[in-house]
Amino acid sequence: MLSVTDLEVCYGSISALRGVSFTIPQGSIVTLIGGNGAGKTTTLRTISGLLRAKSGTVNFLGEDITSLPAHKIVARGLSHVPEGRMVFSNLTVGENLSMGAYLLSDKAVIAKNRDYVFSIFPRMKERLKQTAGTLSGGEQQMLAIGRALMGNPKFLMLDEPSLGIAPRLISTIFEKIVEINRTHGITILLVEQNANLALEVSQHAYVLETGAIVMSGESKKLRADPQLKATYLGG
Amino acid sequence: MSLRFPPSPNSRHGTFRIRVYPCPSVVKNSGSPTIPVPRPHLYLLAALLVALGISQFSDRIDPYFLDVIIGIGINIILAVSLNLVNGYTGQFSLGHAGFMSVGAYLAAAVSLFLGPKILGEAGGTALQQGLMFLAALVAGGLGAAFAGLIVGVPSLRLKGDYLALVTLGFGEIIRVVFQNVEFLGGALGLNGIPAYTTIFWVLAFVALSVFVVTCLVHSTYGRGFLATHDDEIASESVGLNTTRYKIVAFVIGAFFAGTAGGLYGHFKMTITPTGFDFTKSIEIVVMVILGGMGNTLGVILAAILLTLLPELLRPIAEYRMIIYSLMLIILMLVRPQGLFNFKFGKAKL
């Protein structure tokens with residue numbers, strides 16, 4: 001569904017990605033794990049068009065999207081939930097969700113998507129009229145995911161959904177992520193620092209270290225890998 | 001392995017409490033963007049009728065008072081249009097006086113150079129003059145909007161301080177250009193501009209600018225301005241073209257600044273480049289901040305207050321600007337969220 005080939009990205013003279021390649025098959029959950037500064041967020045931002053690649057290609061559903069602007073990439077069904085729960089804090093929950101359907105014009109489809117979001121995150125329905133900035137961290141994350149779902153994505157990229165969220169809510173959110181993938185068939189690329197959790201919900205994993213992929217394989221197998229265990233899973 | 005975590009002692013599981021952020025100075029608040037405006041077109045029509053009604057009695061109003069009202073009106077147009085850029089869209093522009101001057105010069109040039117040719121020596125009827133003035137104002141507005149486009153397209157990729165500096169630079173460039181163009185009077189400016197500006201035109205354009213800005217930000221399309229303000233990355237990730245939104249806000253803001261400039265020129269009957277220096281831009285920015293960024297009603301009230309204040313302080317002559325500045329400092333300390341921003345007390349939750 002998505003394939004990234006030899007992606008190189010620089011911030012000024014500092015190289016952040018040094019030839020990253022991976023593929024994501026349709027219907028799967030794939031995770032990208034790695035420490036701070038490994039280039040996880042950079043990878044996502046480059047795929048979604050927020051950053052420009054120096055070289056390499058991003059291919060989505062058979063089309064080269066490397067040089068498309070962000071808003072055109074979203075229109076092709078690739079949605080990015082940015083790191084740090086970036087909701088529109090001055091808009092209400094309902095308005096945030098409507099913004100997610102910005103590129104859709106069919107009211108029936110929008111209503112259907114909205115019901116779908118409510119079925120996954122019932123709390124969003126309760127908080128509909130509340131300003132998004134007053135939601136708790138976990139609720140904001142749900143809203144950010146819900147907003148991305150409003151746009152009918154075929155492919156969802158989640159950047160650190162567990163960041164700064166109460167532990168109990170993290171498990172809820174990860175269960176929802178699996179649910180979105182299973183019931184709606186949305187392919188998911190998950191970026192996480194919490195490697196344990198990420199490997200548990202995904203089928204395939206790539207390990208990123210200082211801008212290059214150093215390890216990849218089935219998530220189950222990686223979880224048993226002694227080296228990975230020592231580095232990311234805490235022994 | 002199941003999805004389980006040790007409970008954190010700090011997390012209150014299951015209870016979701018709505019938090020009202022206690023410190024207003026750290027909270028970005030953009031008025032009440034969610035209140036729908038019922039039948040805005042009727043309001044515009046009513047406002048235009050009121051303007052027409054008031055203009056019938058304008059010769060009975062004290063001329064000084066009338067001057068002050070016109071000054072207030074022009075400042076409201078400036079502040080409301082800048083609020084679209086600085087408040088709703090969150091792009092800090094310091095070049096509003098620059099756009100105002102483009103409009104002022106262009107409108108004045110139309111009246112001065114094209115007017116006599118079209119209206120003839122006699123000056124035409126009142127209706128002809130009115131249409132002429134409207135054409136001049138629209139020309140001024142479009143000219144300013146074009147300037148907004150020229151400045152906006154390259155500079156709106158910048159953020160915050162950088163954008164402020166670029167727009168400030170633009171304002172100064174415009175001023176220097178007008179100062180050195182002989183055709184437009186150079187440093188002496190343009191004189192003998194026909195006094196077309198009446199209370200009617202000012203009120204009509206106040207109504208129009210408030211109407212356009214209010215309808216825009218309350219529309220589905222216009223939510224994009226607020227979204228751009230709240231978070232650019234999130235906006236892009238749902239498919240908004242934030243650059244286009246910023247440019248649209250900039251161009252519309254510049255258009256109304258241009259018409260305000262046109263009104264100003266035909267009111268004072270003379271314009272000089274120094275009348276549009278950056279202190280004028282700062283004055284408009286202060287109105288927007290004092291009114292509460294992204295709060296049209298507050299910005300209108302602030303524009304009224306800040307125009308009246310120097311007038312009311314006139315009796316104390318040389319201490320006037322000291323008191324004025326002091327009051328600004330106090331107001332900012334006491335109500336950093338905007339003088340007329342009442343949303344916080346009764347948070348809409």
# chains A, B, ... in the order shown; residues from 1 in each chain; ligands from 1

call {"tool": "residues_around", "arguments": {"residues": "Val201 in chain A", "least_positions_apart": "2", "cutoff": "9 Å", "atoms": "only C-alpha atoms", "output": "list in words"}}
result
Ile29, Val30, Thr31, Phe174, Glu175, Ile177, Val178, Leu197, Ala198, Leu199, Gln203 and Ser219 of chain A

call {"tool": "interface_residues", "arguments": {"of": "chain A", "to": "chain B", "cutoff": "8 Å", "atoms": "only C-alpha atoms", "output": "ChimeraX atom specification"}}
result
/A:48,50,70-75,79-82,86-92,99-103,129-131,134-136,147-148,151,166-168,171,197,200

call {"tool": "select_by_dssp", "arguments": {"residues": "range 167-327 of chain B", "states": "helix (DSSP H, G or I)", "output": "ChimeraX atom specification"}}
result
/B:167-180,182-184,186-188,199-218,223-230,232-237,242-268,273-276,278-291,296-312,314-327

call {"tool": "residues_around", "arguments": {"residues": "Ala38 in chain A", "least_positions_apart": "5", "cutoff": "9 Å", "atoms": "only C-alpha atoms", "output": "VMD selection string"}}
result
chain A and resid 16 to 17 33 208 to 212

call {"tool": "write_last_selection", "arguments": {"atoms": "C-alpha atoms", "output": "PDB file, in the first residue's frame"}}
result
ATOM      1  CA  ALA A  16      17.896  13.100   9.876  1.00  0.00           C
ATOM      2  CA  LEU A  17      17.106  10.163   7.608  1.00  0.00           C
ATOM      3  CA  ILE A  33      10.153   2.059  16.872  1.00  0.00           C
ATOM      4  CA  LEU A 208      14.997   2.989  13.399  1.00  0.00           C
ATOM      5  CA  GLU A 209      18.301   4.184  14.802  1.00  0.00           C
ATOM      6  CA  THR A 210      19.970   7.502  13.969  1.00  0.00           C
ATOM      7  CA  GLY A 211      18.209   7.835  10.659  1.00  0.00           C
ATOM      8  CA  ALA A 212      18.534   4.313   9.354  1.00  0.00           C
TER       9      ALA A 212
END

call {"tool": "atom_distance", "arguments": {"atom1": "CA of Tyr232 in chain A", "atom2": "CA of Ser216 in chain A"}}
result
13.8 Å

call {"tool": "decode", "arguments": {"residues": "range 251-273 of chain B", "atoms": "C-alpha atoms", "output": "PDB file, in the first residue's frame"}}
result
ATOM      1  CA  VAL B 251      -5.651  40.015   1.159  1.00  0.00           C
ATOM      2  CA  ILE B 252      -9.097  40.616   2.660  1.00  0.00           C
ATOM      3  CA  GLY B 253      -7.542  42.465   5.594  1.00  0.00           C
ATOM      4  CA  ALA B 254      -5.528  44.600   3.197  1.00  0.00           C
ATOM      5  CA  PHE B 255      -8.602  45.345   1.088  1.00  0.00           C
ATOM      6  CA  PHE B 256     -10.454  46.857   4.028  1.00  0.00           C
ATOM      7  CA  ALA B 257      -7.342  48.668   5.216  1.00  0.00           C
ATOM      8  CA  GLY B 258      -7.229  50.182   1.723  1.00  0.00           C
ATOM      9  CA  THR B 259     -10.833  51.336   1.834  1.00  0.00           C
ATOM     10  CA  ALA B 260     -10.207  52.782   5.311  1.00  0.00           C
ATOM     11  CA  GLY B 261      -7.253  54.648   3.803  1.00  0.00           C
ATOM     12  CA  GLY B 262      -9.488  55.958   1.034  1.00  0.00           C
ATOM     13  CA  LEU B 263     -12.046  57.159   3.554  1.00  0.00           C
ATOM     14  CA  TYR B 264      -9.278  58.747   5.599  1.00  0.00           C
ATOM     15  CA  GLY B 265      -7.850  60.631   2.614  1.00  0.00           C
ATOM     16  CA  HIS B 266     -11.211  62.000   1.522  1.00  0.00           C
ATOM     17  CA  PHE B 267     -11.932  62.962   5.122  1.00  0.00           C
ATOM     18  CA  LYS B 268      -8.712  64.816   5.924  1.00  0.00           C
ATOM     19  CA  MET B 269      -8.522  66.115   2.321  1.00  0.00           C
ATOM     20  CA  THR B 270      -4.770  65.782   2.511  1.00  0.00           C
ATOM     21  CA  ILE B 271      -2.494  62.793   2.953  1.00  0.00           C
ATOM     22  CA  THR B 272       1.199  62.687   3.687  1.00  0.00           C
ATOM     23  CA  PRO B 273       3.471  59.645   3.789  1.00  0.00           C
TER      24      PRO B 273
END
